[in-house]
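The structure appears below as structure tokens.
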Amino acid sequence: MADRKRVLTGVKPTGVPHIGNYLGAIRPALELTKTHDAFLFIADLHALTTRQDPKKLTEDTYSVAATWLACGVDPAKTTFYKQSDLPEVTTLAWILSCVTPFGLLNRAHAIKDARAKGATDEDINNGVFSYPVLMAADILLFDIDVVPVGKDQKQHLEIAQEAARKLNNLVGKEVLKTPAAKIDEDVMTVPGLDGRKMSKSYDNTIEIFSTDKQLESKVMSIKTDSTSYGDPLKSEGETIFQLYQLLATPERARVLARQYATGRRDPDQPDTAFPDPKKNYFGWGNAKKALYEVIQERLGPARKEYAKLIEDKPYLRKLLAEGAERARATGSVVLARVSDALGIVR
Ligand code: ADP
Ligand code: TRP
């Protein structure tokens, strides 16, 4: 495993994960853990830059841990931990904050957006300002090769690269590895119940780990047009269709595409082959049922596993503690290198 490239990603514990998170973040990250030495962590300190209800932060932290494990993270093969368990991260963050230009952070998107929304420097906390430095420490602590991020995190990655260069320049040798960003330019945008991007902020999500009843009612509430029963269904830009295509096997996805195009459940049968021709119609109700089934099929085992894990907090804590121990063993080597180069006595 030692000669494999290292990949790292962090997830903020904010809210219960939805299918957009699964398809856009969890599934691709899990793919990378197969070919890389993977570091995967819960960015709970980052979550503190916005006001957190303590109870909710605790719940969300467990929820993210259980989600990733239920979706297939193997804690024996992945370094899986919680950011706040690593004092090395915050120490390195401070060191990096002493080489990262104020101007660079002052031009970051998050701070500019906050100001554009009318926040003054009195309203903006230093955590929001320093957010990219903490993120740089998350990454640079482990000699990471690749950080897979969406476009929204690109600037944070660039700041991490710049912080590494600044420190290396200052000490005159490469004590920190400059990570590459793996930016997926066409990261799929998973649509939500109302057709807009699925997002907690739009309240249009389908949670991965709700009960069967909740899942059913969410799927049933997806907005559809008023196509008459038996007419072809519009597939382009349509939520049920897109979610189905992302979750189903290619073969099943092709079947659904034909059902949409013909408005028939079995397009190869004439309607007259049915005692009631309408039995062969394929409408929105059928499409929703198909989607419900494919979600159950694809995520059913993970849903069961999640339900078990979330009830076993001591087990989750134990796994995270073991992960933190492994992460600290790796990170302390890098921090020692940095400390020595700076003349910090240890
Ligand atoms: P939300 O928009 O619900 O608050 P986050 O911003 O917390 O979601 O996103 C967490 C991760 O999930 C990010 O990597 C993000 O790119 C991914 N993600 C969130 N929503 C979607 C979506 N609708 N389609 C694809 N990826 C998504
Ligand atoms: N900022 C990331 C987000 O909002 C979360 C994060 C924190 C992260 N530290 C990281 C992602 C390090 C990748 C690498 O989604």
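Within each chain, counting starts at residue 1; across the structure tokens, chains are named A, B, ... in the order shown, with ligands numbered 1 upward in that order.
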At a cut-off of 7 Å around ligand 1, and using only C-alpha atoms and all ligand atoms, what residues come up? Please write them as a list in words.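 For ligand 1, the residues inside 7 Å are Val11, Lys12, Thr14, Gly20, Asn21, Tyr22, Leu23, Gly24, Ala25, Val149, Gly150, Val187, Met188, Thr189, Val190, Pro191, Gly192, Lys197, Met198, Ser199, Lys200 and Ser201 of chain A.
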Residues of chain A that approach ligand 2 to 10 Å or less, counting only C-alpha atoms and all ligand atoms: could you list each one with the shortest pair of atoms and its distance in Å to one decimal, rows by chain and increasing residue number, as CSV?
```
residue,atom,partner,partner_atom_place_in_ligand_line,distance
A:Val7,CA,ligand 2,14 (C),9.3
A:Leu8,CA,ligand 2,14 (C),6.1
A:Thr9,CA,ligand 2,13 (C),4.1
A:Gly10,CA,ligand 2,8 (C),3.9
A:Val11,CA,ligand 2,5 (C),4.9
A:Lys12,CA,ligand 2,5 (C),5.4
A:Pro13,CA,ligand 2,5 (C),9.2
A:Thr14,CA,ligand 2,4 (O),9.7
A:Ala25,CA,ligand 2,15 (O),9.3
A:Phe39,CA,ligand 2,14 (C),9.4
A:Leu40,CA,ligand 2,14 (C),8.7
A:Phe41,CA,ligand 2,10 (C),8.1
A:Ile42,CA,ligand 2,7 (C),7.9
A:Ala43,CA,ligand 2,7 (C),5.3
A:Asp44,CA,ligand 2,7 (C),8.6
A:Leu45,CA,ligand 2,7 (C),8.7
A:His46,CA,ligand 2,7 (C),6.3
A:Ala47,CA,ligand 2,4 (O),8.5
A:Gln83,CA,ligand 2,9 (N),8.6
A:Tyr131,CA,ligand 2,1 (N),7.8
A:Pro132,CA,ligand 2,1 (N),7.7
A:Val133,CA,ligand 2,9 (N),9.4
A:Leu134,CA,ligand 2,9 (N),7.1
A:Met135,CA,ligand 2,9 (N),4.2
A:Ala136,CA,ligand 2,12 (C),6.9
A:Ala137,CA,ligand 2,12 (C),8.2
A:Asp138,CA,ligand 2,12 (C),5.4
A:Ile139,CA,ligand 2,12 (C),5.6
A:Leu140,CA,ligand 2,12 (C),9.2
A:Ile144,CA,ligand 2,14 (C),9.8
A:Val146,CA,ligand 2,14 (C),9.4
A:Val147,CA,ligand 2,14 (C),6.1
A:Pro148,CA,ligand 2,13 (C),7.1
A:Val149,CA,ligand 2,13 (C),6.3
A:Gly150,CA,ligand 2,15 (O),8.3
A:Asp152,CA,ligand 2,4 (O),8.2
A:Gln153,CA,ligand 2,1 (N),6.4
A:Lys154,CA,ligand 2,13 (C),9.7
A:His156,CA,ligand 2,1 (N),7.4
A:Leu157,CA,ligand 2,14 (C),7.8
A:Ala160,CA,ligand 2,12 (C),9.3
A:Ala181,CA,ligand 2,13 (C),9.6
```
Would you export the selected residues with N, CA and C atoms as a short mmCIF file (atom, residue, chain, number, x, y, z; two decimals), in the first residue's frame, please?
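Output (out12.cif):
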```cif
data_model
loop_
_atom_site.label_atom_id
_atom_site.label_comp_id
_atom_site.auth_asym_id
_atom_site.auth_seq_id
_atom_site.Cartn_x
_atom_site.Cartn_y
_atom_site.Cartn_z
N VAL A 7 -4.76 9.83 -1.54
CA VAL A 7 -5.89 10.70 -1.85
C VAL A 7 -6.56 11.08 -0.53
N LEU A 8 -7.08 12.29 -0.45
CA LEU A 8 -7.74 12.71 0.78
C LEU A 8 -9.00 13.51 0.47
N THR A 9 -10.03 13.27 1.25
CA THR A 9 -11.19 14.15 1.16
C THR A 9 -11.87 14.30 2.50
N GLY A 10 -12.46 15.48 2.70
CA GLY A 10 -13.13 15.78 3.97
C GLY A 10 -14.59 16.11 3.73
N VAL A 11 -15.41 15.76 4.70
CA VAL A 11 -16.84 16.01 4.58
C VAL A 11 -17.32 16.75 5.82
N LYS A 12 -17.99 17.85 5.60
CA LYS A 12 -18.50 18.60 6.75
C LYS A 12 -19.75 17.92 7.31
N PRO A 13 -19.84 17.80 8.63
CA PRO A 13 -21.03 17.17 9.20
C PRO A 13 -22.17 18.17 9.30
N THR A 14 -22.80 18.40 8.19
CA THR A 14 -23.95 19.32 8.22
C THR A 14 -25.13 18.62 7.56
N ALA A 25 -20.56 12.81 -4.46
CA ALA A 25 -19.37 12.84 -3.60
C ALA A 25 -18.97 11.47 -3.05
N PHE A 39 -7.36 8.77 2.64
CA PHE A 39 -7.62 9.46 3.90
C PHE A 39 -8.99 10.11 3.77
N LEU A 40 -9.86 9.75 4.67
CA LEU A 40 -11.22 10.24 4.59
C LEU A 40 -11.61 10.74 5.97
N PHE A 41 -12.06 11.99 6.07
CA PHE A 41 -12.31 12.48 7.42
C PHE A 41 -13.55 13.36 7.52
N ILE A 42 -14.00 13.50 8.75
CA ILE A 42 -15.16 14.34 9.05
C ILE A 42 -14.62 15.70 9.49
N ALA A 43 -14.95 16.73 8.72
CA ALA A 43 -14.41 18.07 8.99
C ALA A 43 -15.28 18.79 10.01
N ASP A 44 -15.24 18.30 11.25
CA ASP A 44 -16.15 18.88 12.26
C ASP A 44 -15.71 20.28 12.70
N LEU A 45 -14.40 20.54 12.68
CA LEU A 45 -13.96 21.90 13.05
C LEU A 45 -14.38 22.92 12.00
N HIS A 46 -14.36 22.50 10.75
CA HIS A 46 -14.82 23.40 9.69
C HIS A 46 -16.29 23.77 9.86
N ALA A 47 -17.05 22.82 10.39
CA ALA A 47 -18.48 23.08 10.55
C ALA A 47 -18.73 24.22 11.54
N GLN A 83 -11.56 15.13 12.17
CA GLN A 83 -10.55 16.20 12.21
C GLN A 83 -10.20 16.66 13.62
N TYR A 131 -10.76 29.65 7.16
CA TYR A 131 -11.26 28.34 6.69
C TYR A 131 -10.28 27.67 5.71
N PRO A 132 -9.81 28.41 4.69
CA PRO A 132 -8.93 27.75 3.71
C PRO A 132 -7.60 27.31 4.33
N VAL A 133 -7.15 27.98 5.38
CA VAL A 133 -5.87 27.60 6.00
C VAL A 133 -6.04 26.27 6.75
N LEU A 134 -7.15 26.14 7.44
CA LEU A 134 -7.42 24.87 8.13
C LEU A 134 -7.53 23.74 7.11
N MET A 135 -8.17 24.05 6.01
CA MET A 135 -8.31 23.03 4.96
C MET A 135 -6.93 22.68 4.36
N ALA A 136 -6.08 23.69 4.23
CA ALA A 136 -4.72 23.43 3.73
C ALA A 136 -3.99 22.49 4.69
N ALA A 137 -4.17 22.71 5.99
CA ALA A 137 -3.53 21.85 6.98
C ALA A 137 -4.06 20.42 6.89
N ASP A 138 -5.37 20.28 6.69
CA ASP A 138 -5.97 18.94 6.53
C ASP A 138 -5.22 18.14 5.49
N ILE A 139 -4.90 18.85 4.41
CA ILE A 139 -4.32 18.18 3.24
C ILE A 139 -2.80 18.01 3.39
N LEU A 140 -2.15 19.11 3.76
CA LEU A 140 -0.67 19.11 3.73
C LEU A 140 -0.07 18.24 4.82
N ILE A 144 -0.27 14.49 0.74
CA ILE A 144 -1.31 14.00 -0.16
C ILE A 144 -0.96 14.28 -1.61
N VAL A 146 -3.40 13.63 -4.29
CA VAL A 146 -4.60 14.08 -5.01
C VAL A 146 -5.73 14.42 -4.06
N VAL A 147 -6.39 15.53 -4.34
CA VAL A 147 -7.59 15.90 -3.57
C VAL A 147 -8.73 16.06 -4.57
N PRO A 148 -9.63 15.10 -4.60
CA PRO A 148 -10.74 15.23 -5.54
C PRO A 148 -11.76 16.22 -5.00
N VAL A 149 -12.00 17.28 -5.73
CA VAL A 149 -12.95 18.28 -5.26
C VAL A 149 -13.86 18.75 -6.39
N GLY A 150 -14.96 19.29 -6.02
CA GLY A 150 -15.86 19.91 -6.99
C GLY A 150 -15.35 21.32 -7.27
N ASP A 152 -16.50 24.09 -6.63
CA ASP A 152 -16.65 25.05 -5.53
C ASP A 152 -15.45 25.04 -4.58
N GLN A 153 -14.68 23.96 -4.59
CA GLN A 153 -13.55 23.87 -3.67
C GLN A 153 -12.21 24.16 -4.35
N LYS A 154 -12.28 24.53 -5.63
CA LYS A 154 -11.05 24.72 -6.41
C LYS A 154 -10.17 25.80 -5.79
N HIS A 156 -10.04 26.82 -2.71
CA HIS A 156 -9.45 26.34 -1.46
C HIS A 156 -8.20 25.51 -1.74
N LEU A 157 -8.29 24.69 -2.76
CA LEU A 157 -7.14 23.86 -3.13
C LEU A 157 -5.97 24.73 -3.56
N ALA A 160 -4.27 26.08 -0.64
CA ALA A 160 -3.44 25.05 0.00
C ALA A 160 -2.11 24.89 -0.74
N ALA A 181 -4.98 19.01 -7.57
CA ALA A 181 -6.44 18.95 -7.44
C ALA A 181 -6.93 18.02 -8.53
#
```
If you run DSSP on the backbone, which residues of region 79-280 of chain A are helix (DSSP H, G or I), as number ranges by chain? A: 83-85, 87-97, 102-106, 109-116, 126-140, 151-171, 200-202, 212-220, 239-247, 250-262, 271-273, 277-280
Restricting the calculation to only C-alpha atoms: of A:Arg264, A:Arg317, A:Lys177, A:Arg298, which residue gets closest to Val334 (chain A)? A:Lys177
Would you please extract all strand (DSSP E) residues from region 45-277 of chain A, as assigned by DSSP on the backbone, and give them as a list in words?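 DSSP-assigned strand (DSSP E) residues in region 45-277 of chain A: Thr79, Phe80, Tyr81, Lys82, Val146, Val147, Pro148, Val149, Ala180, Ala181, Lys182 and Ile183 of chain A.
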